[in-house]
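Enquirer: Input: one structure, supplied below.
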Amino acid sequence: MKDTLVPARIGLFYDRFTGISRDILGDDLHLGYWPNPEACGPQDTLQAATRRMTSLAISMLHPRRGQTVLDVGSGCGSPAISLAKASGVNVRGITVSADQVRIANAQATASGVGEHVAFQYGDASSPAFPPGTFHAAWAIESLCHLSDRAQALAGIARVLRPGGRLLITDLVITGPVEHRKRGHLADYAERFKIALPTTPGTYRDDLAKAGFDIHVHQNLTRHVVGRSFNAVTAQVRHRREELEQAHDPDLIATFDLAQLTDLPELEYHAIVAQRRFRPRLRTCSVRSPAPPTWNSNKAVEKTGDAPTIPAKTLIAREA
């Protein structure tokens with residue numbers, strides 16, 4: 001798998017798959033978010049859910065007007081455009097797909113934000129920007145394409161200013177996967193040219209080594225995984241004839257994700273971290289903008305205004 005996770009091959013993969021991905025997911029090329037996944041109406045489409053995921057990411061990153069944000073793995077540009085419009089920020093997106101660079105820049109111009117949002121070819125493992133260029137960054141389901149996430153996190157830390165915020169969303173593995181299901185997971189990784197999901201603990205360790213302190217670590221699985229996989233699979237099966245007429249028929253089966261819905265160890269987590277201003281002290285505290293009060297194991301179900309939280313791993317119970 002590591003031999004296939006090189007930028008040129010990932011770029012060629014997305015050059016080939018972007019068209020059908022947009023047809024299925026919409027322009028926001030990531031999984032969707034359902035606030036109440038058990039009660040969804042016919043209007044609650046996959047495309048609406050992927051846009052809600054973008055809105056959630058914007059609220060979690062929460063950049064200030066006028067700041068500059070790095071979009072790591074920017075896809076066709078829709079999330080970055082939404083971020084710029086919602087927050088009044090400047091965004092620079094990087095992707096290893098030449099087709100996505102072209103599409104994203106055209107969409108930014110058509111959306112009227114071309115002066116504030118731009119996309120270029122770039123490798124997430126070593127972002128080609130001077131140190132301290134960005135106030136914030138996000139990587140929405142993009143670090144999974146890298147064989148060395150730790151290297152990428154170090155690269156992102158380098159181009160962030162001290163105090164800069166980083167949002168990551170990704171699939172993770174939270175326990176041993178039984179033998180018969182490991183093949184399903186490996187097949188998914190091979191089809192979408194991603195590394196096998198890592199554990200939440202590895203993500204936290206890699207962030208700490210790269211110079212980040214974690215402020216929020218939230219489990220969004222209930223709102224994302226099952227509904228997204230089922231919705232993608234339903235589109236592929238119900239629209240097969242239509243999709244085969246518009247796209248290479250060999251690509252259609254790639255998006256049948258039914259086997260992944262029976263993997264309870266596969267979860268979807270969101271992490272907000274901050275690049276340290278200085279080396280970690282033995283004891284310190286930070287102020288969190290999030291209303292819940294957390295501890296290192298479970299969410300405490302009470303709220304308060306900007307509670308003080310120990311500067312250590314914070315993981316929220318699944319909502």
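By order in the structure tokens, chains are A, B, ...; within a chain, residues start at 1; ligands start at 1, following the order shown.
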Could you name the residues that touch Gln235 (chain A) at 7 Å or less, counting only C-alpha atoms, but leaving out those on the same chain fewer than 4 positions away, as a PyMOL selection string?
Expert: chain A and resi 24+231+239
Enquirer: Now that the selection is made, can you save its residues with N, CA and C atoms as a PDB file, in the first residue's frame?
Expert:
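Result file is out35.pdb:
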ATOM      1  N   ILE A  24     -21.784  11.807  -7.361  1.00  0.00           N
ATOM      2  CA  ILE A  24     -22.363  11.083  -6.228  1.00  0.00           C
ATOM      3  C   ILE A  24     -22.424  11.948  -4.970  1.00  0.00           C
ATOM      4  N   ALA A 231     -25.742   5.825   2.031  1.00  0.00           N
ATOM      5  CA  ALA A 231     -26.226   6.763   1.009  1.00  0.00           C
ATOM      6  C   ALA A 231     -25.406   6.656  -0.272  1.00  0.00           C
ATOM      7  N   ARG A 239     -28.741   4.302  -9.248  1.00  0.00           N
ATOM      8  CA  ARG A 239     -28.439   5.136 -10.417  1.00  0.00           C
ATOM      9  C   ARG A 239     -27.407   4.482 -11.332  1.00  0.00           C
TER      10      ARG A 239
END
Enquirer: Determine which residues of region 11-193 of chain A receive a DSSP assignment of alpha helix (DSSP H), computed from the backbone, and state them as a ChimeraX atom specification.
Expert: /A:11-25,46-61,78-87,98-110,149-159,179-191
Enquirer: Using only C-alpha atoms, which of A:Ile20, A:Leu207, A:Leu185, A:Ile194 sits nearest Gln151 (chain A)?
Expert: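 Ranked by minimum distance to Gln151 (chain A), first place goes to A:Leu207.
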Enquirer: Taking only C-alpha atoms into account, name the residue in A:Leu243, A:Leu257, A:Leu46, A:Ile168 that is nearest to Val272 (chain A).
Expert: A:Ile168
Enquirer: As an exercise, work out the distance from CA of Ser21 (chain A) to CA of Thr199 (chain A) in Å and give it to one decimal place.
Expert: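 Separating CA of Ser21 (chain A) from CA of Thr199 (chain A) is a distance of 26.5 Å.
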Enquirer: Restricting the calculation to only C-alpha atoms: of A:Gln245, A:Thr202, A:Gln259, A:Asn36, which residue gets closest to Leu220 (chain A)?
Expert: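 Going through A:Gln245, A:Thr202, A:Gln259, A:Asn36 one by one, the smallest distance to Leu220 (chain A) is for A:Asn36.
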Enquirer: Just want the 10 Å neighbourhood of Thr261 (chain A), counted on only C-alpha atoms, with same-chain residues fewer than 6 positions away dropped. Output as a ChimeraX atom specification.
Expert: /A:225-230
Enquirer: Could the residues in this selection be saved with C-alpha atoms as a PDB file, in the first residue's frame?
Expert:
ATOM      1  CA  VAL A 225     -20.290   6.749   8.962  1.00  0.00           C
ATOM      2  CA  GLY A 226     -23.326   4.499   8.571  1.00  0.00           C
ATOM      3  CA  ARG A 227     -25.537   7.062   6.862  1.00  0.00           C
ATOM      4  CA  SER A 228     -22.779   8.169   4.480  1.00  0.00           C
ATOM      5  CA  PHE A 229     -21.753   4.667   3.450  1.00  0.00           C
ATOM      6  CA  ASN A 230     -25.376   3.611   2.979  1.00  0.00           C
TER       7      ASN A 230
END
Enquirer: May I ask which of the residues A:Ala152, A:Val96, A:Leu143, A:Leu61 is the closest one to Ala273 (chain A), counting only C-alpha atoms?
Expert: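 Among A:Ala152, A:Val96, A:Leu143, A:Leu61, it is A:Leu61 that comes nearest to Ala273 (chain A).
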Enquirer: Taking into account only C-alpha atoms, which residue in the set A:Ala98, A:Met53, A:Ala150, A:Ile58 is nearest to Ala86 (chain A)?
Expert: A:Ile58
Enquirer: For Leu25 (chain A), find every residue with an atom within 8 Å (counting only C-alpha atoms), except residues of its own chain fewer than 4 positions away, and show them as a PyMOL selection string.
Expert: chain A and resi 21+29-31+46-47+50+232
Enquirer: Output the selection as a CSV table (one decimal), in the first residue's frame - all heavy atoms for each residue.
Expert:
chain,number,residue,atom,x,y,z
A,21,SER,N,-17.1,11.2,-8.6
A,21,SER,CA,-17.2,11.6,-7.1
A,21,SER,C,-18.1,12.8,-7.0
A,21,SER,O,-19.0,12.8,-6.1
A,21,SER,CB,-15.8,11.9,-6.6
A,21,SER,OG,-15.0,10.8,-6.6
A,29,LEU,N,-16.4,17.1,-1.6
A,29,LEU,CA,-15.9,15.7,-1.8
A,29,LEU,C,-15.5,15.0,-0.4
A,29,LEU,O,-14.3,14.7,-0.2
A,29,LEU,CB,-14.8,15.6,-2.8
A,29,LEU,CG,-15.2,16.1,-4.2
A,29,LEU,CD1,-14.0,16.0,-5.1
A,29,LEU,CD2,-16.4,15.4,-4.8
A,30,HIS,N,-16.4,14.8,0.5
A,30,HIS,CA,-16.2,14.1,1.7
A,30,HIS,C,-17.5,13.5,2.2
A,30,HIS,O,-18.5,13.7,1.6
A,30,HIS,CB,-15.6,15.1,2.8
A,30,HIS,CG,-16.3,16.4,2.9
A,30,HIS,ND1,-15.7,17.6,2.6
A,30,HIS,CD2,-17.6,16.7,3.3
A,30,HIS,CE1,-16.6,18.6,2.8
A,30,HIS,NE2,-17.7,18.0,3.2
A,31,LEU,N,-17.4,12.8,3.3
A,31,LEU,CA,-18.6,12.2,3.8
A,31,LEU,C,-19.6,13.2,4.4
A,31,LEU,O,-19.2,14.4,4.6
A,31,LEU,CB,-18.2,11.2,4.9
A,31,LEU,CG,-17.3,10.0,4.5
A,31,LEU,CD1,-17.0,9.1,5.7
A,31,LEU,CD2,-17.9,9.2,3.4
A,46,LEU,N,-27.6,13.0,0.2
A,46,LEU,CA,-26.2,12.9,0.5
A,46,LEU,C,-25.5,14.2,0.2
A,46,LEU,O,-24.6,14.7,1.0
A,46,LEU,CB,-25.6,11.8,-0.3
A,46,LEU,CG,-24.1,11.6,-0.3
A,46,LEU,CD1,-23.6,11.3,1.2
A,46,LEU,CD2,-23.6,10.5,-1.2
A,47,GLN,N,-25.9,14.9,-0.9
A,47,GLN,CA,-25.2,16.2,-1.2
A,47,GLN,C,-25.5,17.2,-0.1
A,47,GLN,O,-24.6,18.0,0.2
A,47,GLN,CB,-25.7,16.7,-2.6
A,47,GLN,CG,-25.3,15.8,-3.7
A,47,GLN,CD,-26.1,14.5,-3.9
A,47,GLN,OE1,-27.1,14.3,-3.3
A,47,GLN,NE2,-25.5,13.6,-4.7
A,50,THR,N,-23.2,16.4,2.8
A,50,THR,CA,-21.8,16.8,2.7
A,50,THR,C,-21.6,18.3,2.8
A,50,THR,O,-20.6,18.7,3.4
A,50,THR,CB,-21.2,16.3,1.3
A,50,THR,OG1,-22.0,16.9,0.2
A,50,THR,CG2,-21.3,14.8,1.1
A,232,VAL,N,-24.1,6.5,-0.1
A,232,VAL,CA,-23.2,6.4,-1.3
A,232,VAL,C,-23.6,5.1,-2.1
A,232,VAL,O,-23.8,5.0,-3.3
A,232,VAL,CB,-21.8,6.4,-0.9
A,232,VAL,CG1,-20.9,6.0,-2.1
A,232,VAL,CG2,-21.3,7.8,-0.4
Enquirer: Report as a list in words all protein, DNA and RNA residues lying within 12 Å of region 127-131 of chain A, evaluated on only C-alpha atoms, omitting residues in the same chain fewer than 4 positions from it.
Expert: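 Returned residues: Leu70, Asp71, Val72, Gly73, Arg92, Gly93, Ile94, Thr95, Val96, Gln120, Tyr121, Gly122, Asp123, His135, Ala137, Gln151, Ala152, Leu153, Ala154, Gly155, Ile156, Ala157, Arg158, Val159, Leu160, Arg161, Pro162 and Gly164 of chain A.
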Enquirer: Okay, now the selection with N, CA, C and O atoms, as a compact mmCIF listing (two decimals), in the first residue's frame?
Expert:
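This went into again_34.txt:
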# COMPACT_ATOMS: atom_id res chain seq x y z
N LEU A 70 -4.98 27.50 5.21
CA LEU A 70 -4.50 26.48 4.29
C LEU A 70 -5.50 25.33 4.24
O LEU A 70 -5.87 24.76 5.28
N ASP A 71 -5.94 24.97 3.03
CA ASP A 71 -6.81 23.81 2.83
C ASP A 71 -5.95 22.69 2.28
O ASP A 71 -5.50 22.73 1.13
N VAL A 72 -5.71 21.67 3.09
CA VAL A 72 -4.84 20.56 2.73
C VAL A 72 -5.68 19.47 2.06
O VAL A 72 -6.50 18.83 2.71
N GLY A 73 -5.47 19.27 0.78
CA GLY A 73 -6.30 18.33 0.03
C GLY A 73 -7.63 18.99 -0.31
O GLY A 73 -8.68 18.56 0.15
N ARG A 92 -5.87 29.28 0.72
CA ARG A 92 -4.98 28.70 -0.28
C ARG A 92 -5.14 27.18 -0.18
O ARG A 92 -4.90 26.60 0.87
N GLY A 93 -5.56 26.57 -1.27
CA GLY A 93 -5.78 25.14 -1.28
C GLY A 93 -4.70 24.42 -2.06
O GLY A 93 -4.21 24.93 -3.07
N ILE A 94 -4.33 23.23 -1.59
CA ILE A 94 -3.36 22.41 -2.31
C ILE A 94 -3.95 21.03 -2.55
O ILE A 94 -4.65 20.48 -1.72
N THR A 95 -3.66 20.50 -3.73
CA THR A 95 -4.08 19.15 -4.11
C THR A 95 -3.06 18.62 -5.11
O THR A 95 -2.37 19.40 -5.78
N VAL A 96 -2.97 17.29 -5.19
CA VAL A 96 -2.03 16.69 -6.15
C VAL A 96 -2.75 16.30 -7.44
O VAL A 96 -2.16 15.62 -8.29
N GLN A 120 -3.60 25.44 -5.90
CA GLN A 120 -2.39 25.10 -6.64
C GLN A 120 -2.00 23.66 -6.38
O GLN A 120 -2.46 23.04 -5.41
N TYR A 121 -1.19 23.13 -7.28
CA TYR A 121 -0.67 21.79 -7.10
C TYR A 121 0.27 21.81 -5.89
O TYR A 121 1.16 22.68 -5.80
N GLY A 122 0.08 20.89 -4.96
CA GLY A 122 0.93 20.87 -3.78
C GLY A 122 0.83 19.57 -3.03
O GLY A 122 -0.24 18.95 -2.98
N ASP A 123 1.94 19.16 -2.45
CA ASP A 123 2.04 17.91 -1.70
C ASP A 123 1.83 18.19 -0.22
O ASP A 123 2.56 18.99 0.38
N HIS A 135 -2.67 31.39 9.36
CA HIS A 135 -3.26 31.51 10.69
C HIS A 135 -3.96 30.23 11.12
O HIS A 135 -4.14 29.97 12.32
N ALA A 137 -5.45 26.04 9.47
CA ALA A 137 -5.45 25.04 8.39
C ALA A 137 -6.49 23.99 8.69
O ALA A 137 -6.87 23.78 9.85
N GLN A 151 4.83 13.10 9.17
CA GLN A 151 5.58 14.05 8.35
C GLN A 151 4.69 15.18 7.87
O GLN A 151 5.09 16.35 7.87
N ALA A 152 3.47 14.84 7.45
CA ALA A 152 2.55 15.87 6.99
C ALA A 152 2.18 16.84 8.11
O ALA A 152 2.12 18.05 7.90
N LEU A 153 1.93 16.32 9.31
CA LEU A 153 1.58 17.19 10.43
C LEU A 153 2.74 18.12 10.77
O LEU A 153 2.52 19.29 11.10
N ALA A 154 3.95 17.61 10.69
CA ALA A 154 5.12 18.47 10.93
C ALA A 154 5.20 19.56 9.87
O ALA A 154 5.54 20.72 10.17
N GLY A 155 4.89 19.21 8.61
CA GLY A 155 4.91 20.20 7.55
C GLY A 155 3.85 21.26 7.73
O GLY A 155 4.09 22.45 7.49
N ILE A 156 2.66 20.85 8.16
CA ILE A 156 1.59 21.81 8.42
C ILE A 156 1.97 22.72 9.58
O ILE A 156 1.75 23.94 9.54
N ALA A 157 2.56 22.14 10.64
CA ALA A 157 2.99 22.95 11.78
C ALA A 157 4.00 24.01 11.35
O ALA A 157 3.97 25.15 11.84
N ARG A 158 4.86 23.66 10.42
CA ARG A 158 5.89 24.60 9.97
C ARG A 158 5.28 25.83 9.31
O ARG A 158 5.75 26.96 9.51
N VAL A 159 4.22 25.64 8.51
CA VAL A 159 3.65 26.77 7.78
C VAL A 159 2.56 27.49 8.58
O VAL A 159 2.04 28.51 8.11
N LEU A 160 2.21 26.97 9.77
CA LEU A 160 1.28 27.67 10.65
C LEU A 160 2.02 28.62 11.58
O LEU A 160 3.13 28.33 12.03
N ARG A 161 1.40 29.73 11.90
CA ARG A 161 1.95 30.63 12.91
C ARG A 161 1.77 30.02 14.29
O ARG A 161 0.84 29.23 14.51
N PRO A 162 2.60 30.36 15.26
CA PRO A 162 2.35 29.92 16.63
C PRO A 162 0.95 30.34 17.07
O PRO A 162 0.53 31.47 16.84
N GLY A 164 -1.65 28.98 15.73
CA GLY A 164 -2.53 28.65 14.62
C GLY A 164 -3.31 27.37 14.89
O GLY A 164 -2.81 26.42 15.48
Enquirer: For His247 (chain A), find every residue with an atom within 12 Å (counting only C-alpha atoms), except residues of its own chain fewer than 4 positions away, and show them as a list in words.
Expert: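 Contacts, with the query itself left out: Arg16, Phe17, Thr18, Gly19, Ile20, Ser21, Arg22, Asp23, Ile24, Val236, Arg239, Arg240, Glu241, Glu242, Leu243, Leu251, Ile252 and Ala253 of chain A.
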Enquirer: Looking at A:Thr174, A:Thr233, A:Gln67, A:Gln100, which one is nearest to Pro264 (chain A), with distances taken over only C-alpha atoms?
Expert: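 Nearest candidate to Pro264 (chain A) out of A:Thr174, A:Thr233, A:Gln67, A:Gln100: A:Thr174.
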